[in-house]
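Asker: File model28.txt below, compact mmCIF, C-alpha atoms and all ligand atoms:
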# COMPACT_ATOMS: atom_id res chain seq x y z
CA MET A 19 -110.35 105.20 60.44
CA LYS A 20 -112.07 106.21 57.23
CA ASP A 21 -110.28 108.67 54.95
CA LEU A 22 -112.81 111.47 54.45
CA SER A 23 -110.45 113.88 52.69
CA LEU A 24 -111.44 114.88 49.18
CA PRO A 25 -109.07 114.67 46.22
CA LEU A 26 -107.56 117.64 44.43
CA THR A 27 -109.32 119.10 41.44
CA PRO A 28 -107.58 119.83 38.13
CA ASP A 29 -107.80 123.59 38.70
CA PHE A 30 -107.69 126.17 41.50
CA ASP A 31 -111.41 126.85 41.60
CA THR A 32 -113.68 126.13 44.54
CA TRP A 33 -116.25 123.37 44.07
CA PRO A 34 -118.68 123.25 46.99
CA VAL A 35 -120.27 119.83 47.48
CA THR A 36 -123.97 120.58 47.16
CA ALA A 37 -125.13 117.02 46.38
CA GLN A 38 -123.83 113.51 46.93
CA ILE A 39 -123.33 110.72 44.42
CA LYS A 40 -126.05 108.15 45.01
CA ALA A 41 -125.22 105.67 42.23
CA ALA A 42 -122.47 105.20 39.66
CA THR A 43 -123.12 103.13 36.53
CA ILE A 44 -120.76 101.99 33.78
CA LEU A 45 -122.32 102.79 30.40
CA PRO A 46 -121.63 100.98 27.12
CA GLY A 47 -118.27 102.18 25.82
CA GLY A 48 -116.84 102.50 29.31
CA HIS A 49 -118.32 105.90 30.08
CA ILE A 50 -119.96 106.68 33.43
CA GLU A 51 -123.37 107.86 34.52
CA LEU A 52 -123.87 109.34 37.99
CA THR A 53 -127.14 109.74 39.84
CA TRP A 54 -126.99 112.55 42.40
CA SER A 55 -128.87 113.03 45.66
CA ASP A 56 -130.89 115.92 44.19
CA GLY A 57 -132.11 113.77 41.31
CA ARG A 58 -129.62 115.03 38.72
CA ILE A 59 -128.41 112.39 36.27
CA ALA A 60 -125.20 113.23 34.43
CA THR A 61 -122.86 111.42 32.03
CA TYR A 62 -119.07 111.57 31.84
CA HIS A 63 -116.93 110.54 28.88
CA ARG A 64 -114.23 107.99 29.74
CA LEU A 65 -111.46 110.22 28.34
CA LEU A 66 -112.71 113.34 30.13
CA LEU A 67 -112.32 111.35 33.34
CA ALA A 68 -108.99 109.77 32.42
CA GLU A 69 -107.28 113.02 31.53
CA ASN A 70 -108.69 114.83 34.58
CA ALA A 71 -107.76 112.12 37.07
CA THR A 72 -105.92 113.40 40.12
CA ASP A 73 -103.07 110.92 40.66
CA ALA A 74 -99.57 112.35 40.52
CA ASP A 75 -98.84 110.62 37.19
CA THR A 76 -101.76 112.41 35.55
CA LEU A 77 -102.05 115.71 37.39
CA HIS A 78 -99.13 117.84 38.45
CA PRO A 79 -100.06 118.68 42.04
CA LEU A 80 -98.55 122.17 41.91
CA SER A 81 -99.46 123.39 38.43
CA ARG A 82 -102.75 121.42 38.40
CA GLU A 83 -102.19 120.77 34.70
CA THR A 84 -102.38 117.35 33.12
CA LEU A 85 -99.14 115.53 32.41
CA LYS A 86 -100.73 113.31 29.78
CA SER A 87 -100.87 113.54 26.01
CA PRO A 88 -103.83 111.87 24.28
CA LEU A 89 -101.39 109.18 23.12
CA ASP A 90 -100.57 108.23 26.71
CA PHE A 91 -103.95 106.54 27.03
CA PRO A 92 -104.46 103.19 25.28
CA GLU A 93 -106.99 103.46 22.49
CA GLY A 94 -110.27 102.10 23.75
CA LEU A 95 -109.45 102.77 27.41
CA LYS A 96 -112.62 102.19 29.45
CA ALA A 97 -113.88 102.54 32.96
CA THR A 98 -114.67 99.04 34.22
CA LYS A 99 -115.84 99.73 37.76
CA ALA A 100 -117.02 102.81 39.66
CA GLU A 101 -117.36 103.08 43.40
CA ILE A 102 -118.26 105.84 45.86
CA ALA A 103 -115.55 106.37 48.50
CA PRO A 104 -116.44 107.13 52.15
CA SER A 105 -115.46 110.76 51.48
CA GLY A 106 -118.04 110.97 48.69
CA ALA A 107 -115.37 110.98 45.95
CA LEU A 108 -115.69 108.74 42.89
CA GLU A 109 -113.15 105.96 42.42
CA ILE A 110 -112.79 104.25 39.04
CA SER A 111 -111.08 101.07 37.90
CA TRP A 112 -109.71 101.17 34.36
CA SER A 113 -109.43 98.57 31.58
CA ASP A 114 -105.63 98.96 31.35
CA GLY A 115 -105.23 98.20 35.09
CA THR A 116 -103.60 101.58 35.77
CA PRO A 117 -104.69 103.11 39.07
CA ARG A 118 -105.79 106.70 38.55
CA GLY A 119 -106.81 109.22 41.13
CA ALA A 120 -110.28 109.73 42.54
CA PHE A 121 -112.64 112.54 41.58
CA HIS A 122 -113.93 115.38 43.75
CA PRO A 123 -117.76 115.27 43.87
CA GLY A 124 -118.14 119.05 43.64
CA TRP A 125 -116.00 119.12 40.51
CA LEU A 126 -117.89 116.16 39.02
CA TYR A 127 -121.25 117.78 39.70
CA ALA A 128 -120.22 120.85 37.71
CA HIS A 129 -118.74 119.00 34.74
CA GLY A 130 -121.30 116.30 33.87
CA TRP A 131 -123.56 116.43 30.86
CA THR A 132 -127.21 116.71 31.88
CA GLY A 133 -128.76 117.43 28.51
CA THR A 134 -128.15 121.17 28.48
CA ALA A 135 -124.98 123.20 28.35
CA PRO A 136 -123.99 125.00 31.57
CA ALA A 137 -125.41 128.50 31.89
CA THR A 138 -123.01 131.33 31.16
CA PRO A 139 -123.59 135.02 31.85
CA LYS A 140 -125.46 136.70 29.02
CA PRO A 141 -125.07 140.38 28.15
CA ILE A 142 -127.93 142.56 29.35
CA LEU A 143 -128.69 144.73 26.34
CA TRP A 144 -129.90 148.29 26.84
CA ARG A 145 -131.29 151.35 25.15
CA ALA A 146 -131.33 154.88 26.58
CA ALA A 147 -134.48 154.28 28.60
CA ASP A 148 -133.12 151.07 30.13
CA LEU A 149 -129.79 152.43 31.34
CA PRO A 150 -129.56 156.23 31.47
CA GLU A 151 -126.49 155.99 33.73
CA PRO A 152 -123.90 153.24 34.13
CA ALA A 153 -123.98 151.12 37.26
CA THR A 154 -121.78 153.07 39.66
CA VAL A 155 -119.97 152.24 42.87
CA SER A 156 -117.63 154.18 45.10
CA GLY A 157 -114.10 153.89 43.80
CA ARG A 158 -112.63 154.06 47.30
CA ASP A 159 -114.93 151.26 48.49
CA ALA A 160 -114.16 149.15 45.42
CA LEU A 161 -110.44 149.34 46.13
CA GLN A 162 -110.95 148.06 49.68
CA ASP A 163 -113.81 145.59 49.41
CA ASP A 164 -113.87 142.57 47.12
CA ARG A 165 -117.66 142.56 47.03
CA VAL A 166 -117.86 146.15 45.77
CA PHE A 167 -115.12 145.57 43.21
CA HIS A 168 -116.95 142.40 42.10
CA LYS A 169 -120.14 144.42 41.57
CA PHE A 170 -118.22 146.89 39.40
CA LEU A 171 -116.70 144.07 37.34
CA THR A 172 -119.94 142.14 36.86
CA SER A 173 -121.75 145.34 35.83
CA LEU A 174 -119.03 145.90 33.26
CA ARG A 175 -119.40 142.32 32.03
CA ASP A 176 -123.20 142.41 31.86
CA HIS A 177 -123.95 145.98 30.67
CA GLY A 178 -120.67 146.54 28.87
CA VAL A 179 -120.09 149.73 30.87
CA ALA A 180 -119.62 150.60 34.55
CA ARG A 181 -118.29 153.48 36.60
CA LEU A 182 -116.19 154.03 39.70
CA GLU A 183 -116.68 157.46 41.20
CA GLY A 184 -114.93 159.53 43.80
CA LEU A 185 -111.47 158.11 43.20
CA PRO A 186 -108.58 160.14 44.56
CA GLN A 187 -106.45 162.11 42.14
CA GLN A 188 -103.37 159.96 42.09
CA ASP A 189 -100.77 159.43 39.39
CA GLY A 190 -100.55 155.76 38.47
CA LEU A 191 -103.93 154.87 39.98
CA LEU A 192 -105.47 154.00 36.61
CA VAL A 193 -102.69 151.52 35.89
CA GLU A 194 -103.03 150.09 39.39
CA ILE A 195 -106.75 149.48 38.92
CA ALA A 196 -106.34 148.03 35.44
CA GLU A 197 -103.61 145.71 36.70
CA ARG A 198 -105.83 144.63 39.57
CA ILE A 199 -108.07 143.25 36.82
CA GLY A 200 -105.45 141.90 34.43
CA THR A 201 -102.73 142.91 32.05
CA ILE A 202 -102.67 146.25 30.29
CA ARG A 203 -102.95 145.95 26.54
CA GLU A 204 -100.27 148.14 25.04
CA THR A 205 -101.14 149.56 21.63
CA ASN A 206 -99.79 151.95 19.02
CA PHE A 207 -101.04 154.72 21.35
CA GLY A 208 -98.66 153.47 24.05
CA ARG A 209 -99.12 151.70 27.36
CA THR A 210 -101.35 154.50 28.58
CA TYR A 211 -102.61 157.59 26.79
CA THR A 212 -103.94 160.99 27.75
CA LEU A 213 -106.93 162.52 26.02
CA ALA A 214 -105.78 166.09 25.65
CA ILE A 215 -105.10 168.33 22.69
CA GLN A 216 -101.89 167.66 20.77
CA ASP A 217 -100.17 170.03 18.34
CA ASP A 218 -99.63 167.20 15.85
CA PRO A 219 -102.45 164.76 16.66
CA THR A 220 -102.26 161.05 15.72
CA SER A 221 -106.01 160.76 16.21
CA ASN A 222 -109.13 162.92 16.24
CA ALA A 223 -109.27 161.97 19.92
CA TYR A 224 -106.40 164.41 20.51
CA THR A 225 -108.37 167.36 19.13
CA PRO A 226 -111.45 169.10 20.60
CA VAL A 227 -113.79 167.98 17.80
CA ALA A 228 -116.90 165.90 18.48
CA LEU A 229 -116.38 162.16 18.15
CA PRO A 230 -119.45 160.20 17.11
CA GLN A 231 -119.98 156.88 18.85
CA HIS A 232 -117.32 154.41 17.76
CA MET A 233 -114.98 151.62 18.80
CA ASP A 234 -111.25 152.07 19.18
CA LEU A 235 -108.56 150.26 17.26
CA CYS A 236 -110.59 148.52 14.59
CA THR A 237 -107.27 148.83 12.79
CA ARG A 238 -105.90 145.93 14.85
CA GLU A 239 -106.32 142.22 14.18
CA CYS A 240 -107.99 141.90 17.58
CA PRO A 241 -109.19 145.26 18.90
CA PRO A 242 -108.83 145.61 22.69
CA GLY A 243 -111.80 144.21 24.56
CA LEU A 244 -111.78 146.77 27.36
CA GLN A 245 -111.10 150.46 27.71
CA PHE A 246 -110.75 152.49 30.92
CA LEU A 247 -111.01 156.28 31.08
CA TYR A 248 -110.01 158.06 34.29
CA CYS A 249 -111.00 161.70 34.52
CA ARG A 250 -108.40 163.85 36.27
CA ALA A 251 -109.81 167.27 35.36
CA ASN A 252 -112.75 168.54 33.36
CA ASP A 253 -113.97 172.09 33.62
CA THR A 254 -114.39 172.74 29.93
CA SER A 255 -117.79 173.28 28.42
CA GLY A 256 -118.84 170.28 26.33
CA GLY A 257 -116.85 167.07 26.12
CA ASP A 258 -119.64 164.91 27.53
CA GLY A 259 -119.24 161.15 27.18
CA LEU A 260 -121.62 159.52 24.70
CA TYR A 261 -122.20 155.78 25.00
CA CYS A 262 -124.53 153.29 23.34
CA ASP A 263 -124.93 149.52 23.40
CA GLY A 264 -123.81 148.36 19.96
CA TYR A 265 -125.14 144.86 20.62
CA ARG A 266 -128.63 146.28 21.29
CA ILE A 267 -128.45 148.22 18.03
CA ALA A 268 -127.27 145.18 16.10
CA GLU A 269 -129.99 142.96 17.58
CA ASP A 270 -132.65 145.55 16.72
CA ILE A 271 -131.33 145.63 13.16
CA ARG A 272 -131.34 141.82 13.05
CA ALA A 273 -135.03 141.86 14.04
CA GLU A 274 -136.15 144.75 11.84
CA GLU A 275 -133.83 145.10 8.83
CA PRO A 276 -132.77 141.74 7.37
CA ASP A 277 -130.94 143.25 4.39
CA THR A 278 -128.93 145.55 6.64
CA TRP A 279 -128.16 142.64 8.96
CA GLU A 280 -126.99 140.47 6.08
CA ALA A 281 -124.61 143.20 4.86
CA MET A 282 -123.36 143.93 8.39
CA THR A 283 -122.46 140.32 9.04
CA THR A 284 -120.94 139.39 5.67
CA ILE A 285 -119.18 142.35 4.02
CA PRO A 286 -115.71 143.01 5.46
CA TRP A 287 -114.53 146.58 5.83
CA THR A 288 -110.86 147.40 6.15
CA TYR A 289 -109.69 149.97 8.70
CA ASN A 290 -106.34 151.74 8.59
CA ASN A 291 -104.82 154.22 10.96
CA ARG A 292 -103.49 157.47 9.53
CA ALA A 293 -100.45 158.06 11.69
CA LYS A 294 -97.14 159.13 10.17
CA THR A 295 -95.05 156.44 11.84
CA THR A 296 -97.35 153.40 11.92
CA SER A 297 -99.59 151.74 9.34
CA TYR A 298 -101.99 149.27 10.90
CA LYS A 299 -104.69 147.59 8.83
CA ALA A 300 -107.32 145.02 9.75
CA SER A 301 -110.52 143.78 8.15
CA GLY A 302 -113.78 142.29 9.28
CA PRO A 303 -117.55 142.64 9.01
CA MET A 304 -119.30 145.11 11.28
CA VAL A 305 -120.70 142.24 13.34
CA ASP A 306 -118.88 139.02 14.17
CA LEU A 307 -121.06 136.05 15.10
CA ASP A 308 -120.10 133.02 17.14
CA GLU A 309 -120.86 129.40 16.30
CA LYS A 310 -124.39 129.78 17.72
CA GLY A 311 -125.15 132.91 15.70
CA GLN A 312 -124.83 135.16 18.74
CA ILE A 313 -122.98 138.46 18.46
CA ALA A 314 -119.37 138.01 19.49
CA ALA A 315 -117.94 141.45 18.69
CA LEU A 316 -118.36 144.57 16.59
CA ARG A 317 -115.96 146.35 14.27
CA TYR A 318 -117.21 149.91 13.71
CA GLU A 319 -115.11 153.05 13.55
CA THR A 320 -116.21 155.73 11.16
CA TRP A 321 -113.08 157.76 10.55
CA LEU A 322 -110.66 154.87 10.15
CA ARG A 323 -112.43 152.99 7.40
CA ALA A 324 -110.25 152.44 4.36
CA PRO A 325 -111.74 152.53 0.86
CA LEU A 326 -113.87 149.44 0.26
CA VAL A 327 -112.67 148.13 -3.08
CA ALA A 328 -115.59 146.07 -4.38
CA ASP A 329 -118.23 146.07 -7.09
CA LEU A 330 -120.79 148.86 -6.97
CA ALA A 331 -123.61 146.63 -5.71
CA THR A 332 -121.52 145.40 -2.78
CA GLN A 333 -120.38 148.95 -2.01
CA ASP A 334 -123.99 150.08 -2.08
CA ARG A 335 -125.07 147.42 0.42
CA ALA A 336 -122.08 148.10 2.65
CA TYR A 337 -122.53 151.89 2.72
CA THR A 338 -126.27 151.55 3.30
CA ALA A 339 -125.70 149.18 6.21
CA TYR A 340 -123.08 151.48 7.72
CA ARG A 341 -125.45 154.41 7.51
CA ARG A 342 -128.30 152.42 9.07
CA PHE A 343 -126.08 151.42 11.97
CA ALA A 344 -124.79 154.98 12.38
CA GLU A 345 -128.35 156.36 12.43
CA ARG A 346 -129.07 154.26 15.48
CA ALA A 347 -125.65 154.68 17.10
CA GLN A 348 -126.04 158.47 17.04
CA SER A 349 -129.73 158.58 17.94
CA ASP A 350 -131.11 159.60 21.33
CA ALA A 351 -133.01 156.32 21.60
CA TYR A 352 -129.77 154.47 22.35
CA LEU A 353 -127.77 157.29 23.94
CA MET A 354 -126.23 157.35 27.42
CA ARG A 355 -124.84 160.86 27.92
CA VAL A 356 -122.57 161.43 30.91
CA ARG A 357 -120.57 164.29 32.32
CA TYR A 358 -117.05 163.22 33.30
CA LYS A 359 -116.21 164.38 36.82
CA PRO A 360 -112.71 164.37 38.27
CA GLY A 361 -112.30 161.03 40.05
CA ASP A 362 -114.62 159.15 37.70
CA LEU A 363 -113.35 155.99 36.06
CA PHE A 364 -115.40 154.65 33.17
CA ALA A 365 -114.80 151.09 32.08
CA PHE A 366 -116.40 149.72 28.96
CA ASP A 367 -116.33 146.81 26.55
CA ASN A 368 -114.67 148.36 23.51
CA ARG A 369 -115.98 145.66 21.17
CA ARG A 370 -119.59 146.09 22.28
CA VAL A 371 -120.38 149.50 23.80
CA LEU A 372 -119.58 152.36 21.47
CA HIS A 373 -118.20 155.55 22.94
CA GLY A 374 -117.91 159.12 21.73
CA ARG A 375 -117.89 162.66 23.03
CA SER A 376 -119.42 165.98 22.26
CA ALA A 377 -117.11 168.76 21.07
CA TYR A 378 -115.54 170.91 23.74
CA ASP A 379 -114.13 174.38 24.07
CA ALA A 380 -110.39 173.93 24.39
CA ALA A 381 -109.92 177.53 25.53
CA GLY A 382 -112.59 177.28 28.20
CA GLY A 383 -110.78 175.20 30.82
CA ALA A 384 -108.82 172.01 31.42
CA ARG A 385 -109.80 168.56 30.19
CA PHE A 386 -107.48 165.74 31.17
CA ILE A 387 -108.53 162.11 30.83
CA GLU A 388 -106.17 159.15 31.07
CA GLY A 389 -106.85 155.89 29.30
CA VAL A 390 -105.66 152.31 29.10
CA TYR A 391 -106.81 149.20 27.29
CA ALA A 392 -107.10 145.61 28.44
CA ASP A 393 -108.94 142.56 27.14
CA ARG A 394 -112.21 140.90 27.98
CA ASP A 395 -110.66 137.74 29.30
CA ASP A 396 -108.75 139.82 31.87
CA LEU A 397 -112.15 140.86 33.18
CA TYR A 398 -113.62 137.34 33.18
CA SER A 399 -110.54 135.97 34.92
CA ALA A 400 -110.68 138.67 37.59
CA ILE A 401 -114.34 137.93 38.28
CA ARG A 402 -113.67 134.20 38.66
CA VAL A 403 -110.70 134.74 40.96
CA ILE A 404 -112.67 137.10 43.21
CA GLU A 405 -115.52 134.58 43.28
CA ARG A 406 -113.05 131.96 44.51
CA ARG A 407 -112.30 134.22 47.47
CA LEU A 408 -115.93 135.10 48.08
CA THR A 409 -117.07 131.47 48.09
CA VAL A 410 -114.37 130.14 50.41
FE FE A 501 -112.24 156.33 21.13
Hey, can you dump this file as structure tokens for me?
Ligand SMILES: [Fe+2]
Answerer:
Amino acid sequence: MKDLSLPLTPDFDTWPVTAQIKAATILPGGHIELTWSDGRIATYHRLLLAENATDADTLHPLSRETLKSPLDFPEGLKATKAEIAPSGALEISWSDGTPRGAFHPGWLYAHGWTGTAPATPKPILWRAADLPEPATVSGRDALQDDRVFHKFLTSLRDHGVARLEGLPQQDGLLVEIAERIGTIRETNFGRTYTLAIQDDPTSNAYTPVALPQHMDLCTRECPPGLQFLYCRANDTSGGDGLYCDGYRIAEDIRAEEPDTWEAMTTIPWTYNNRAKTTSYKASGPMVDLDEKGQIAALRYETWLRAPLVADLATQDRAYTAYRRFAERAQSDAYLMRVRYKPGDLFAFDNRRVLHGRSAYDAAGGARFIEGVYADRDDLYSAIRVIERRLTV
């Protein structure tokens, strides 16, 4: 009887088989080219295949991690023969005679080179008119239904901000939700923090003054990627949440103000916190770019900038660029203004979407907002893990 079972994959993801291998060809150098039933032609490097083989000598069947170092493969190792198994898996013979495990067709389909890099989610940039309110779902539904929670998480990933509403008033619920996504990022403000007035504040956040749109913790080598604010009470006047998409602002500056853009991406500012018991400092330009020139993160926090010690011309460019960015960050054209209601949970990308608040009247009622930080890769991991469940 034919063995139609498919091999393991070197991960715990789900790889539906949406096409079959029609032909397998050995390329010069011992690499492999596969022709798929939907017409796709994809190439696979010999070492990508060797180190992702699924035999027990290469892949630990429980951890799904490779057991091989690069030096475990003979230099010049090549595929010498490729065959399609009855199950649809790919079986390869190797130049060193070592049998290695077969390859799952769904996994192969997703990991071949077809001439273009795989698509990854791109941020959806917004101004005030595009997104006057964050995407919002019922908090109670999100806690019970993977699909609703997934919508909340993907909105957060794509827009940089999303809201759960109607959550119960429950001590510890914010931590529970954050830990459903990933690991809480503890900072010099503690594991969690409460936005309320302090007698001896370690931040303007713990006073009733207005806070212009900003990021948190630019003082840290890697500022937290996510922030969650859970409103427990708010019957003061004022204290509205002010949000704007810093990536949209930066892209508009890139398109319209090349001198500002150049200063924003090249002149590092240093940020230091002003607390009595800690002294954090970190530096970086206002906009970090990735290897493709796309915006990777911002570093922008008005009241924590340290003196920029530089020549006058550099200072002039840096201050001008900061002002230009601030003009947009505090303008109505980019503004999302929201009223925090008890039971609201706002989640936002701290390194992209700037947040602030209007001043509030501390004598006019209660204002009690809990916060925690996490990181972006907690979010991306949570989305992928939920998608595993939703695609099974
Ligand atoms: Fe803040």
Asker: Would you mind telling me which residue in A:Ala196, A:Val166, A:Met304, A:Met282 lies nearest to Arg394 in chain A when using only C-alpha atoms?
Answerer: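 Of A:Ala196, A:Val166, A:Met304, A:Met282, the one nearest Arg394 in chain A, counting only C-alpha atoms, is A:Ala196.
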Asker: Compare A:Leu24, A:Ala300, A:Leu363, A:Leu80 by their minimum atom-to-atom distance to Ala251 in chain A, counting all atoms listed in the file, and give me the closest one.
Answerer: A:Leu363
Asker: Taking all atoms listed in the file into account, which residues have an atom no farther than 9 Å from ligand FE 501 (chain A)? I'd like them as a list of chain:residue names.
Answerer: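 For ligand FE 501 (chain A), the residues inside 9 Å are A:Asn222, A:Ala223, A:Leu229, A:Gln231, A:His232, A:Met233, A:Asp234, A:Leu235, A:Gln245, A:Glu319, A:Asn368, A:Leu372, A:His373, A:Gly374, A:Arg375.
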Asker: Hey, what's within 7 Å of range 345-349 of chain A if we count all atoms listed in the file and toss same-chain stuff fewer than 3 positions away? As a PyMOL selection string, please?
Answerer: chain A and resi 230-231+262+267+341-342+352-353
Asker: Considering all atoms listed in the file, state which residue in the set A:Pro79, A:Gly190, A:Gly302, A:Gly389 is at the smallest distance from Glu239 in chain A.
Answerer: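 Of A:Pro79, A:Gly190, A:Gly302, A:Gly389, the one nearest Glu239 in chain A is A:Gly302, counting all atoms listed in the file.
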Asker: Using all atoms listed in the file, which of A:Phe91, A:Tyr378, A:Tyr211, A:Phe167 sits nearest Gly256 in chain A?
Answerer: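 Comparing A:Phe91, A:Tyr378, A:Tyr211, A:Phe167 against Gly256 in chain A, the winner is A:Tyr378.
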Asker: Which one is closest to Val390 in chain A: A:Arg64, A:Arg209, A:Arg292, A:His129? Count only C-alpha atoms.
Answerer: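 The shortest atom-to-atom distance to Val390 in chain A comes from A:Arg209.
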Asker: How many Å separate CA of Gly106 in chain A from CA of Leu67 in chain A?
Answerer: 16.4 Å
Asker: Find the residue from A:Gly48, A:Ile102, A:Gly157, A:Thr338 that sits nearest to Asp114 in chain A; use all atoms listed in the file when measuring.
Answerer: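 The shortest atom-to-atom distance to Asp114 in chain A comes from A:Gly48.
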Asker: Expressed in Å to a single decimal, how great is the separation between CA of Ala147 in chain A and CA of Ala336 in chain A?
Answerer: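 Distance between the two atoms: 29.4 Å.
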Asker: Could you give me, as a ChimeraX atom specification, the residues within 10 Å of Thr205 in chain A, counting all atoms listed in the file and dropping anything in the same chain fewer than 2 positions from it?
Answerer: /A:202-203,207-211,235,238,241-242,390-392
Asker: By how many Å are CA of Tyr127 in chain A and CA of Leu174 in chain A apart?
Answerer: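 Rounded to one decimal, the two atoms are 28.9 Å apart.
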Asker: What's around Ala128 in chain A at 10 Å? Count only C-alpha atoms, leave out sequence neighbours fewer than 6 positions away in its own chain, and write the answer as a list of chain:residue names.
Answerer: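 Close residues of Ala128 in chain A: A:Trp33, A:Pro34, A:Val35, A:Ala60, A:Pro136.
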Asker: Please list as a VMD selection string every residue within 12 Å of Arg357 in chain A, counting all atoms listed in the file and excluding residues in the same chain fewer than 3 positions away.
Answerer: chain A and resid 151 to 152 181 183 249 251 to 261 354 360 to 364 375 to 376 378 385
Asker: Write out, as a compact mmCIF listing (two decimals), in the frame of the given file, the residues just selected, with C-alpha atoms.
Answerer:
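And here's selection-v1.txt as it stands now:
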# COMPACT_ATOMS: atom_id res chain seq x y z
CA GLU A 151 -126.49 155.99 33.73
CA PRO A 152 -123.90 153.24 34.13
CA ARG A 181 -118.29 153.48 36.60
CA GLU A 183 -116.68 157.46 41.20
CA CYS A 249 -111.00 161.70 34.52
CA ALA A 251 -109.81 167.27 35.36
CA ASN A 252 -112.75 168.54 33.36
CA ASP A 253 -113.97 172.09 33.62
CA THR A 254 -114.39 172.74 29.93
CA SER A 255 -117.79 173.28 28.42
CA GLY A 256 -118.84 170.28 26.33
CA GLY A 257 -116.85 167.07 26.12
CA ASP A 258 -119.64 164.91 27.53
CA GLY A 259 -119.24 161.15 27.18
CA LEU A 260 -121.62 159.52 24.70
CA TYR A 261 -122.20 155.78 25.00
CA MET A 354 -126.23 157.35 27.42
CA PRO A 360 -112.71 164.37 38.27
CA GLY A 361 -112.30 161.03 40.05
CA ASP A 362 -114.62 159.15 37.70
CA LEU A 363 -113.35 155.99 36.06
CA PHE A 364 -115.40 154.65 33.17
CA ARG A 375 -117.89 162.66 23.03
CA SER A 376 -119.42 165.98 22.26
CA TYR A 378 -115.54 170.91 23.74
CA ARG A 385 -109.80 168.56 30.19
Asker: Given all atoms listed in the file, how would the per-residue table for range 196-267 of chain A near range 140-144 of chain A read, listing every residue at most 7 Å away with its closest atom pair and distance in Å to one decimal, sorted by chain and number, as a tab-separated table?
Answerer:
residue	atom	partner	partner_atom	distance
A:Asp263	CA	A:Trp144	CA	6.2
A:Tyr265	CA	A:Leu143	CA	6.7
A:Arg266	CA	A:Leu143	CA	5.3
Asker: Can you pull out every residue within 6 Å of Trp112 in chain A, counting only C-alpha atoms, but drop anything in the same chain fewer than 6 positions away, and send it as a VMD selection string?
Answerer: chain A and resid 96 to 98
